[in-house]
$ cat start-v9.cif   # mmCIF, C-alpha atoms
data_final
#
loop_
_atom_site.label_atom_id
_atom_site.label_comp_id
_atom_site.auth_asym_id
_atom_site.auth_seq_id
_atom_site.Cartn_x
_atom_site.Cartn_y
_atom_site.Cartn_z
CA MET A 1 5.72 -54.77 3.41
CA GLY A 2 2.95 -52.49 2.17
CA GLN A 3 2.69 -51.13 5.72
CA ASP A 4 6.45 -50.69 5.86
CA SER A 5 6.41 -48.65 2.64
CA ASP A 6 3.59 -46.53 4.01
CA ALA A 7 5.48 -45.93 7.23
CA THR A 8 8.64 -45.05 5.33
CA ALA A 9 6.73 -42.70 3.07
CA MET A 10 5.12 -41.15 6.13
CA ARG A 11 8.49 -40.69 7.81
CA ARG A 12 9.92 -39.17 4.67
CA ARG A 13 6.99 -36.82 4.28
CA LEU A 14 7.21 -35.61 7.90
CA SER A 15 10.94 -35.23 7.61
CA SER A 16 10.50 -33.16 4.49
CA GLU A 17 8.01 -30.89 6.24
CA GLU A 18 10.28 -30.58 9.22
CA ARG A 19 13.16 -29.66 6.94
CA ARG A 20 11.11 -26.97 5.26
CA ALA A 21 10.07 -25.65 8.67
CA GLN A 22 13.70 -25.64 9.82
CA LEU A 23 14.85 -23.76 6.70
CA ILE A 24 12.06 -21.22 7.13
CA ALA A 25 13.00 -20.71 10.79
CA VAL A 26 16.66 -20.25 9.87
CA GLY A 27 15.71 -17.91 7.02
CA ARG A 28 13.48 -15.84 9.30
CA ALA A 29 16.33 -15.45 11.81
CA GLU A 30 18.69 -14.42 9.00
CA VAL A 31 16.20 -11.83 7.73
CA GLU A 32 15.91 -10.36 11.23
CA ARG A 33 19.71 -10.27 11.48
CA THR A 34 20.25 -8.66 8.06
CA SER A 35 17.23 -7.83 5.91
CA PHE A 36 14.87 -9.42 3.44
CA GLU A 37 16.61 -8.07 0.35
CA SER A 38 20.13 -9.03 1.41
CA LEU A 39 19.25 -12.54 2.56
CA SER A 40 21.90 -15.00 1.42
CA THR A 41 20.66 -18.52 0.66
CA ASP A 42 24.26 -19.68 1.11
CA ASP A 43 24.21 -18.40 4.69
CA VAL A 44 20.86 -20.06 5.31
CA ALA A 45 22.08 -23.42 3.97
CA GLU A 46 25.23 -23.19 6.06
CA ALA A 47 23.35 -22.25 9.23
CA ALA A 48 20.99 -25.18 8.61
CA GLY A 49 23.93 -27.53 8.05
CA ILE A 50 22.82 -28.55 4.56
CA SER A 51 24.10 -27.99 1.05
CA ARG A 52 22.90 -25.12 -1.09
CA SER A 53 21.54 -27.60 -3.62
CA LEU A 54 19.44 -29.29 -0.93
CA LEU A 55 17.95 -25.91 -0.01
CA PHE A 56 17.05 -25.43 -3.68
CA HIS A 57 15.47 -28.89 -3.64
CA TYR A 58 12.92 -27.54 -1.18
CA PHE A 59 12.71 -24.03 -2.61
CA PRO A 60 13.58 -24.11 -6.34
CA THR A 61 14.47 -20.41 -6.55
CA ARG A 62 15.55 -17.70 -4.14
CA GLU A 63 12.22 -16.00 -4.83
CA ASP A 64 10.33 -19.14 -3.79
CA PHE A 65 12.23 -19.11 -0.53
CA LEU A 66 11.57 -15.40 0.09
CA LEU A 67 7.91 -15.99 -0.69
CA ALA A 68 7.78 -18.82 1.88
CA LEU A 69 9.41 -16.54 4.46
CA ALA A 70 6.95 -13.74 3.72
CA ALA A 71 3.98 -16.12 3.97
CA ASP A 72 5.34 -17.47 7.27
CA ALA A 73 5.78 -13.96 8.68
CA ALA A 74 2.26 -13.04 7.53
CA ASP A 75 0.77 -16.16 9.15
CA GLU A 76 2.59 -15.38 12.37
CA LEU A 77 1.32 -11.81 12.37
CA LEU A 78 -2.24 -13.01 11.83
CA ALA A 79 -1.86 -15.66 14.54
CA ILE A 80 -0.56 -13.36 17.26
CA THR A 81 -3.12 -10.66 16.54
CA ASP A 82 -6.06 -13.04 16.62
CA PRO A 83 -8.46 -11.26 18.93
CA GLU A 84 -9.60 -13.18 21.99
CA PRO A 85 -13.16 -14.21 21.31
CA GLY A 86 -15.67 -13.13 23.89
CA LEU A 87 -14.09 -9.80 24.66
CA PRO A 88 -16.07 -6.66 23.84
CA PRO A 89 -14.94 -4.99 20.56
CA ARG A 90 -12.90 -2.23 22.18
CA GLU A 91 -10.97 -4.67 24.38
CA ARG A 92 -10.42 -7.06 21.48
CA LEU A 93 -9.06 -4.16 19.48
CA ARG A 94 -6.71 -3.15 22.28
CA ALA A 95 -5.49 -6.72 22.86
CA ALA A 96 -4.84 -7.17 19.14
CA LEU A 97 -3.00 -3.85 18.84
CA GLU A 98 -0.88 -4.54 21.93
CA ALA A 99 0.17 -7.92 20.54
CA TYR A 100 0.83 -6.31 17.16
CA VAL A 101 3.05 -3.53 18.53
CA VAL A 102 5.07 -5.98 20.65
CA HIS A 103 5.43 -8.26 17.64
CA VAL A 104 6.62 -5.66 15.16
CA THR A 105 9.02 -4.23 17.74
CA GLU A 106 10.57 -7.65 18.25
CA HIS A 107 10.66 -8.34 14.51
CA ARG A 108 11.59 -4.84 13.44
CA ARG A 109 13.85 -5.68 10.53
CA THR A 110 11.60 -8.39 9.20
CA TYR A 111 8.61 -6.08 9.31
CA LEU A 112 10.37 -3.12 7.74
CA SER A 113 12.15 -5.04 5.02
CA LEU A 114 9.06 -7.08 4.20
CA VAL A 115 6.62 -4.19 3.99
CA ARG A 116 8.93 -1.83 2.12
CA GLY A 117 11.51 -3.99 0.41
CA ALA A 118 9.18 -6.71 -0.68
CA ALA A 119 7.19 -4.20 -2.68
CA GLY A 120 9.65 -5.10 -5.45
CA GLY A 121 8.93 -8.81 -4.99
CA GLY A 122 6.56 -9.36 -7.88
CA ALA A 123 2.94 -10.39 -8.17
CA GLU A 124 3.06 -13.43 -5.86
CA MET A 125 4.65 -11.42 -3.07
CA GLN A 126 2.07 -8.67 -3.55
CA ALA A 127 -0.63 -11.33 -3.28
CA VAL A 128 0.71 -12.40 0.13
CA PHE A 129 0.47 -8.80 1.31
CA ASP A 130 -2.95 -8.17 -0.17
CA ARG A 131 -4.30 -11.34 1.42
CA THR A 132 -2.85 -10.43 4.81
CA ARG A 133 -4.27 -6.91 4.66
CA GLY A 134 -7.62 -8.30 3.56
CA GLU A 135 -7.69 -10.74 6.47
CA LEU A 136 -6.81 -8.03 8.96
CA ALA A 137 -9.59 -5.82 7.59
CA ALA A 138 -12.06 -8.74 7.69
CA ARG A 139 -11.10 -9.39 11.29
CA ILE A 140 -11.78 -5.77 12.22
CA LEU A 141 -15.24 -6.01 10.65
CA ASP A 142 -15.83 -9.31 12.38
CA GLY A 143 -14.83 -7.79 15.72
CA LEU A 144 -17.38 -5.05 15.15
CA GLY A 145 -20.08 -7.63 14.55
CA ALA A 146 -20.34 -6.74 10.85
CA PRO A 147 -18.56 -9.48 8.85
CA ALA A 148 -17.33 -8.39 5.42
CA GLY A 149 -20.42 -9.78 3.64
CA THR A 150 -22.85 -7.71 5.68
CA ALA A 151 -20.85 -4.58 6.50
CA PRO A 152 -21.89 -1.33 4.82
CA ASP A 153 -19.57 -0.15 2.02
CA THR A 154 -18.33 2.76 4.09
CA LEU A 155 -17.34 0.51 7.01
CA ARG A 156 -15.59 -1.97 4.69
CA LEU A 157 -13.64 0.85 3.09
CA MET A 158 -12.66 2.26 6.47
CA ALA A 159 -11.46 -1.12 7.72
CA ARG A 160 -9.17 -1.45 4.69
CA GLY A 161 -8.05 2.13 5.06
CA TYR A 162 -7.27 1.59 8.71
CA VAL A 163 -5.03 -1.38 7.93
CA ALA A 164 -3.10 0.75 5.43
CA LEU A 165 -2.83 3.60 7.93
CA ALA A 166 -1.65 1.28 10.72
CA GLU A 167 1.01 -0.17 8.41
CA GLU A 168 2.25 3.27 7.40
CA LEU A 169 2.27 4.50 11.01
CA THR A 170 4.17 1.39 12.07
CA VAL A 171 6.81 1.72 9.36
CA SER A 172 7.34 5.41 10.19
CA TRP A 173 7.48 4.70 13.90
CA LEU A 174 9.85 1.73 13.65
CA ARG A 175 12.20 3.76 11.46
CA ASP A 176 12.23 6.72 13.81
CA PRO A 177 10.69 5.74 17.18
CA GLN A 178 10.46 9.21 18.74
CA LEU A 179 7.22 8.22 20.39
CA PRO A 180 7.22 5.85 23.41
CA ARG A 181 5.62 2.49 22.65
CA GLN A 182 2.58 3.18 24.83
CA ALA A 183 1.90 6.51 23.13
CA PHE A 184 2.21 4.84 19.74
CA LEU A 185 -0.24 2.15 20.81
CA GLU A 186 -2.71 4.79 21.93
CA LEU A 187 -2.35 6.52 18.58
CA LEU A 188 -3.21 3.30 16.73
CA GLU A 189 -6.17 2.68 19.01
CA GLY A 190 -7.38 6.27 18.79
CA ALA A 191 -7.21 6.17 15.01
CA ALA A 192 -9.35 3.02 14.87
CA VAL A 193 -11.97 4.45 17.19
CA ALA A 194 -12.04 7.76 15.31
CA LEU A 195 -12.31 6.14 11.87
CA VAL A 196 -15.18 3.82 12.69
CA SER A 197 -16.99 6.74 14.32
CA VAL A 198 -16.88 8.50 10.93
CA VAL A 199 -19.09 5.72 9.56
CA GLY A 200 -21.37 5.67 12.56
CA VAL A 201 -19.85 2.87 14.67
CA THR A 202 -19.16 3.59 18.34
CA LEU A 203 -16.55 1.63 20.23
CA ASP A 204 -17.17 1.97 23.97
CA ALA A 205 -14.11 2.82 26.00
CA GLY A 206 -14.16 -0.63 27.64
CA ALA A 207 -12.44 -1.64 30.86
CA MET B 1 28.30 33.97 -34.54
CA GLY B 2 28.56 33.23 -30.82
CA GLN B 3 25.00 34.47 -30.51
CA ASP B 4 23.87 32.31 -33.41
CA SER B 5 25.37 29.20 -31.80
CA ASP B 6 23.67 30.02 -28.55
CA ALA B 7 20.36 30.50 -30.31
CA THR B 8 20.77 27.19 -32.15
CA ALA B 9 21.68 25.41 -28.92
CA MET B 10 18.67 26.99 -27.24
CA ARG B 11 16.39 25.89 -30.08
CA ARG B 12 17.80 22.37 -29.92
CA ARG B 13 17.40 22.18 -26.16
CA LEU B 14 13.81 23.36 -26.31
CA SER B 15 13.06 20.96 -29.09
CA SER B 16 14.50 18.12 -27.08
CA GLU B 17 12.41 19.11 -24.08
CA GLU B 18 9.33 19.43 -26.23
CA ARG B 19 9.98 15.98 -27.67
CA ARG B 20 10.29 14.52 -24.20
CA ALA B 21 7.09 16.29 -23.17
CA GLN B 22 5.31 14.97 -26.26
CA LEU B 23 6.46 11.39 -25.58
CA ILE B 24 5.37 11.66 -21.97
CA ALA B 25 1.96 12.98 -23.02
CA VAL B 26 1.54 10.15 -25.53
CA GLY B 27 2.74 7.62 -22.95
CA ARG B 28 0.31 8.94 -20.34
CA ALA B 29 -2.58 8.60 -22.81
CA GLU B 30 -1.49 5.05 -23.64
CA VAL B 31 -1.33 4.14 -19.94
CA GLU B 32 -4.86 5.47 -19.42
CA ARG B 33 -6.02 3.46 -22.45
CA THR B 34 -4.35 0.20 -21.39
CA SER B 35 -2.35 0.12 -18.15
CA PHE B 36 1.07 0.92 -16.80
CA GLU B 37 2.36 -2.64 -16.91
CA SER B 38 1.20 -3.39 -20.43
CA LEU B 39 2.43 -0.14 -21.96
CA SER B 40 4.06 -0.79 -25.32
CA THR B 41 6.92 1.54 -26.23
CA ASP B 42 6.33 0.52 -29.87
CA ASP B 43 2.79 1.89 -29.68
CA VAL B 44 4.05 5.08 -28.06
CA ALA B 45 6.68 5.62 -30.75
CA GLU B 46 4.12 4.97 -33.48
CA ALA B 47 1.54 7.30 -31.93
CA ALA B 48 4.23 10.00 -31.64
CA GLY B 49 5.28 9.45 -35.24
CA ILE B 50 8.88 8.63 -34.39
CA SER B 51 11.06 5.54 -34.54
CA ARG B 52 11.46 3.25 -31.57
CA SER B 53 15.17 4.01 -31.51
CA LEU B 54 14.48 7.74 -31.24
CA LEU B 55 12.24 7.07 -28.24
CA PHE B 56 15.10 5.15 -26.67
CA HIS B 57 17.37 8.09 -27.41
CA TYR B 58 15.28 10.13 -24.99
CA PHE B 59 14.52 7.30 -22.56
CA PRO B 60 17.31 4.70 -22.71
CA THR B 61 15.20 1.87 -21.23
CA ARG B 62 11.53 1.07 -20.93
CA GLU B 63 11.94 1.48 -17.16
CA ASP B 64 13.31 5.00 -17.63
CA PHE B 65 10.23 5.85 -19.66
CA LEU B 66 7.85 4.37 -17.10
CA LEU B 67 9.67 6.27 -14.38
CA ALA B 68 9.23 9.53 -16.32
CA LEU B 69 5.51 8.78 -16.74
CA ALA B 70 5.14 8.04 -13.02
CA ALA B 71 6.98 11.23 -12.07
CA ASP B 72 4.78 13.20 -14.48
CA ALA B 73 1.60 11.69 -13.02
CA ALA B 74 2.87 12.41 -9.49
CA ASP B 75 3.67 16.05 -10.37
CA GLU B 76 0.25 16.43 -11.90
CA LEU B 77 -1.43 15.01 -8.81
CA LEU B 78 0.53 17.38 -6.58
CA ALA B 79 -0.26 20.32 -8.86
CA ILE B 80 -4.01 19.80 -9.01
CA THR B 81 -4.31 19.20 -5.26
CA ASP B 82 -2.33 22.30 -4.32
CA PRO B 83 -4.56 23.89 -1.71
CA GLU B 84 -5.70 27.43 -2.41
CA PRO B 85 -3.71 29.65 -0.08
CA GLY B 86 -5.75 31.87 2.15
CA LEU B 87 -8.60 29.45 2.69
CA PRO B 88 -9.18 28.22 6.24
CA PRO B 89 -7.77 24.67 6.85
CA ARG B 90 -11.09 22.84 6.55
CA GLU B 91 -11.95 24.54 3.25
CA ARG B 92 -8.45 23.97 1.87
CA LEU B 93 -8.81 20.32 2.79
CA ARG B 94 -12.17 20.06 1.05
CA ALA B 95 -10.93 21.83 -2.08
CA ALA B 96 -7.89 19.58 -2.28
CA LEU B 97 -9.94 16.40 -1.76
CA GLU B 98 -12.54 17.44 -4.35
CA ALA B 99 -9.81 18.08 -6.92
CA TYR B 100 -8.17 14.78 -5.97
CA VAL B 101 -11.34 12.71 -6.36
CA VAL B 102 -12.16 14.28 -9.74
CA HIS B 103 -8.59 13.70 -10.87
CA VAL B 104 -8.35 10.03 -9.91
CA THR B 105 -11.78 9.36 -11.42
CA GLU B 106 -10.66 10.87 -14.72
CA HIS B 107 -7.31 9.04 -14.60
CA ARG B 108 -8.63 5.83 -13.13
CA ARG B 109 -6.38 3.38 -14.96
CA THR B 110 -3.28 5.46 -14.51
CA TYR B 111 -3.93 5.79 -10.80
CA LEU B 112 -4.74 2.13 -10.24
CA SER B 113 -1.95 0.71 -12.33
CA LEU B 114 0.57 3.15 -10.92
CA VAL B 115 -0.27 2.66 -7.27
CA ARG B 116 -0.62 -1.09 -7.42
CA GLY B 117 1.32 -2.22 -10.46
CA ALA B 118 4.29 0.04 -10.01
CA ALA B 119 4.96 -1.52 -6.63
CA GLY B 120 7.03 -3.97 -8.63
CA GLY B 121 8.91 -1.14 -10.32
CA GLY B 122 12.10 -1.13 -8.31
CA ALA B 123 13.79 1.32 -5.98
CA GLU B 124 13.59 4.41 -8.20
CA MET B 125 9.87 3.95 -8.75
CA GLN B 126 9.36 3.47 -5.02
CA ALA B 127 11.27 6.70 -4.47
CA VAL B 128 8.81 8.59 -6.71
CA PHE B 129 5.95 7.25 -4.59
CA ASP B 130 7.61 7.92 -1.27
CA ARG B 131 8.42 11.47 -2.30
CA THR B 132 4.85 12.09 -3.46
CA ARG B 133 3.38 10.69 -0.26
CA GLY B 134 5.83 12.73 1.79
CA GLU B 135 4.88 15.91 -0.05
CA LEU B 136 1.18 15.26 0.41
CA ALA B 137 1.72 14.68 4.15
CA ALA B 138 3.86 17.84 4.41
CA ARG B 139 1.12 19.79 2.68
CA ILE B 140 -1.45 18.55 5.18
CA LEU B 141 0.77 19.69 8.06
CA ASP B 142 1.35 23.00 6.34
CA GLY B 143 -2.40 23.48 5.89
CA LEU B 144 -2.84 22.91 9.62
CA GLY B 145 -0.28 25.60 10.37
CA ALA B 146 2.25 23.07 11.67
CA PRO B 147 4.91 22.57 8.98
CA ALA B 148 6.76 19.24 9.17
CA GLY B 149 9.68 20.72 11.11
CA THR B 150 7.51 22.02 13.94
CA ALA B 151 4.65 19.50 14.01
CA PRO B 152 4.43 17.16 17.00
CA ASP B 153 5.47 13.54 16.30
CA THR B 154 1.90 12.33 16.66
CA LEU B 155 0.59 14.83 14.09
CA ARG B 156 3.37 14.00 11.64
CA LEU B 157 2.62 10.31 11.98
CA MET B 158 -1.10 10.90 11.48
CA ALA B 159 -0.51 12.97 8.35
CA ARG B 160 1.54 10.15 6.81
CA GLY B 161 -1.02 7.60 7.94
CA TYR B 162 -3.83 9.62 6.42
CA VAL B 163 -2.11 9.70 3.03
CA ALA B 164 -1.77 5.90 3.13
CA LEU B 165 -5.39 5.53 4.18
CA ALA B 166 -6.62 7.86 1.43
CA GLU B 167 -4.62 5.92 -1.16
CA GLU B 168 -6.03 2.59 0.00
CA LEU B 169 -9.59 3.95 0.13
CA THR B 170 -9.18 5.37 -3.36
CA VAL B 171 -7.85 2.14 -4.84
CA SER B 172 -10.68 0.14 -3.25
CA TRP B 173 -13.28 2.65 -4.37
CA LEU B 174 -12.01 2.96 -7.96
CA ARG B 175 -11.98 -0.82 -8.29
CA ASP B 176 -15.49 -1.21 -6.96
CA PRO B 177 -17.26 2.15 -6.86
CA GLN B 178 -20.36 1.15 -4.90
CA LEU B 179 -20.34 4.48 -3.14
CA PRO B 180 -21.41 7.65 -5.01
CA ARG B 181 -18.59 10.10 -5.56
CA GLN B 182 -19.96 12.62 -3.09
CA ALA B 183 -20.26 10.02 -0.33
CA PHE B 184 -16.71 8.87 -1.03
CA LEU B 185 -15.48 12.44 -0.80
CA GLU B 186 -17.25 12.88 2.54
CA LEU B 187 -15.60 9.70 3.79
CA LEU B 188 -12.15 11.04 2.89
CA GLU B 189 -12.91 14.35 4.53
CA GLY B 190 -14.42 12.75 7.63
CA ALA B 191 -11.39 10.51 8.03
CA ALA B 192 -9.03 13.49 7.93
CA VAL B 193 -11.02 15.44 10.49
CA ALA B 194 -11.34 12.40 12.77
CA LEU B 195 -7.63 11.52 12.59
CA VAL B 196 -6.31 14.96 13.39
CA SER B 197 -8.77 15.18 16.28
CA VAL B 198 -7.06 12.08 17.74
CA VAL B 199 -3.90 14.16 18.09
CA GLY B 200 -5.71 17.22 19.43
CA VAL B 201 -6.24 19.25 16.27
CA THR B 202 -9.71 20.58 15.56
CA LEU B 203 -10.79 21.42 12.03
CA ASP B 204 -13.79 23.72 12.12
CA ALA B 205 -16.62 22.72 9.82
CA GLY B 206 -16.03 25.78 7.62
CA ALA B 207 -18.46 27.27 5.17
#
$ encode --input "start-v9.cif" --output "structure tokens"
Amino acid sequence: MGQDSDATAMRRRLSSEERRAQLIAVGRAEVERTSFESLSTDDVAEAAGISRSLLFHYFPTREDFLLALAADAADELLAITDPEPGLPPRERLRAALEAYVVHVTEHRRTYLSLVRGAAGGGAEMQAVFDRTRGELAARILDGLGAPAGTAPDTLRLMARGYVALAEELTVSWLRDPQLPRQAFLELLEGAAVALVSVVGVTLDAGA
Amino acid sequence: MGQDSDATAMRRRLSSEERRAQLIAVGRAEVERTSFESLSTDDVAEAAGISRSLLFHYFPTREDFLLALAADAADELLAITDPEPGLPPRERLRAALEAYVVHVTEHRRTYLSLVRGAAGGGAEMQAVFDRTRGELAARILDGLGAPAGTAPDTLRLMARGYVALAEELTVSWLRDPQLPRQAFLELLEGAAVALVSVVGVTLDAGA
């Protein structure tokens, strides 16, 4: 009987996690269809085939739900731009930027409404963004063989600055994509190479 | 008598504008003493020697007042970084960046709490920031002899990206000023030169 209870508890816990994952997936699709600010929790509950009150059982407030969606989008962005280990820095950079540009193009509305709209999302939402930007900057330093702890101040500053620049460039480009995707990618890559050269780091042209 | 009324109306209007200007000046000083988020309108009214209700006569809500302070700080930033006309691009850039770095150092709390804290300030506050960033980017293009209307897409993107980068670098540096001011200034200048070179613009070293 003790084992049965454990198994039941286990099933319940998994089911709960799966439900959360389902609601996040439905919410993400809704955000991409409309926008982050105009997301309707009623629509999400309906699309998931559950009651609104059950949604609020998992995410007590609309803000909690938006926060979970933002964290999920941030995790996804970090996952798809994880540089392939073993590649030389310049090729890792290019692979990461290619994956990034494809990703933001495919998740245009999510990216735009998160980066701009979520600025009004309060301290917790800001923390999600700051953490994501910090991790991206740390990854750049890591790719250059100078992890955050050992990198010179100038290089650490430039890595953070580059993340901000890339975000701004991406928002401007997604809003008004005059530039072909490949040219935009080359701009992002060129900016990275140019900025690290300012602080004395050379990225070889690679393959 | 018509003239008298006009003169009275004129006096009243000026007085009202002076009162607004006084409240903004007091508010700006309070922000620099504490922070944007923790600004107390009671303290501002007391420091200005007026009642709280009179303050709310000029600025109906606390948010209106904060918005006026942000707009004032943005105007000031734009005013002090107005490049001297007639200087070659590289020298105009240096003059503007020097004025900028001195300014943000002297208004450290205002700058930090505005840029970061005001992110939660709603759409109107965001509009103040977007307009300021847009004007700074337009000024960079203008300084390069390629006003926004005629600049290539890549150069326009880079100008916007540079403003975002400079803001991020400044926030990071003000929070943790490991780097001497002169070295920080050179970093900002080097980044600008490097980024425009990515899109084929050369800034001569100047005097």
$ atom_distance --input "start-v9.cif" --atom1 "CA of Phe36 in chain A" --atom2 "CA of Met158 in chain B"
27.1 Å
$ closest_atom_pairs --input "start-v9.cif" --of "chain B" --to "chain A" --cutoff "6 Å" --atoms "only C-alpha atoms" --output "Markdown table"
| residue | atom | partner | partner_atom | distance |
| --- | --- | --- | --- | --- |
| B:Ala119 | CA | A:Ala119 | CA | 5.3 |
| B:Gly120 | CA | A:Gly120 | CA | 4.3 |
| B:Gly122 | CA | A:Gly120 | CA | 5.5 |
| B:Leu157 | CA | A:Leu169 | CA | 5.9 |
| B:Gly161 | CA | A:Leu165 | CA | 4.4 |
| B:Ala164 | CA | A:Leu165 | CA | 5.4 |
| B:Leu165 | CA | A:Gly161 | CA | 4.4 |
| B:Glu168 | CA | A:Gly161 | CA | 5.5 |
| B:Leu169 | CA | A:Gly161 | CA | 5.5 |
| B:Gly190 | CA | A:Val198 | CA | 5.9 |
| B:Ala191 | CA | A:Leu195 | CA | 5.9 |
| B:Ala194 | CA | A:Ala194 | CA | 5.3 |
| B:Leu195 | CA | A:Ala191 | CA | 5.9 |
| B:Val198 | CA | A:Gly190 | CA | 5.9 |
$ closest_residue --input "start-v9.cif" --among "A:Ala21, A:Ala96, A:Leu185, A:Ala151" --to "Asp72 in chain A" --atoms "only C-alpha atoms"
A:Ala21
$ atom_distance --input "start-v9.cif" --atom1 "CA of Ala71 in chain B" --atom2 "CA of Phe129 in chain B"
8.5 Å
$ resolve_selection --input "start-v9.cif" --expression "the PyMOL selection byres ((chain B and resi 49-56) around 12)" --output "count of residues only"
27
$ atom_distance --input "start-v9.cif" --atom1 "CA of Glu91 in chain B" --atom2 "CA of Gly145 in chain B"
13.7 Å
$ resolve_selection --input "start-v9.cif" --expression "the PyMOL selection byres ((chain B and resi 78-84) around 6)" --output "list of chain:residue names"
B:Asp75, B:Glu76, B:Leu77, B:Pro85, B:Arg92, B:Ala96, B:Ala99, B:Tyr100
$ closest_residue --input "start-v9.cif" --among "B:Ala73, B:Ser15, B:Val201, B:Arg90" --to "Gly143 in chain B" --atoms "all atoms listed in the file"
B:Arg90
$ residues_around --input "start-v9.cif" --residues "range 31-34 of chain A" --least-positions-apart "4" --cutoff "8 Å" --atoms "all atoms listed in the file" --output "PyMOL selection string"
chain A and resi 27+38-39+107-110
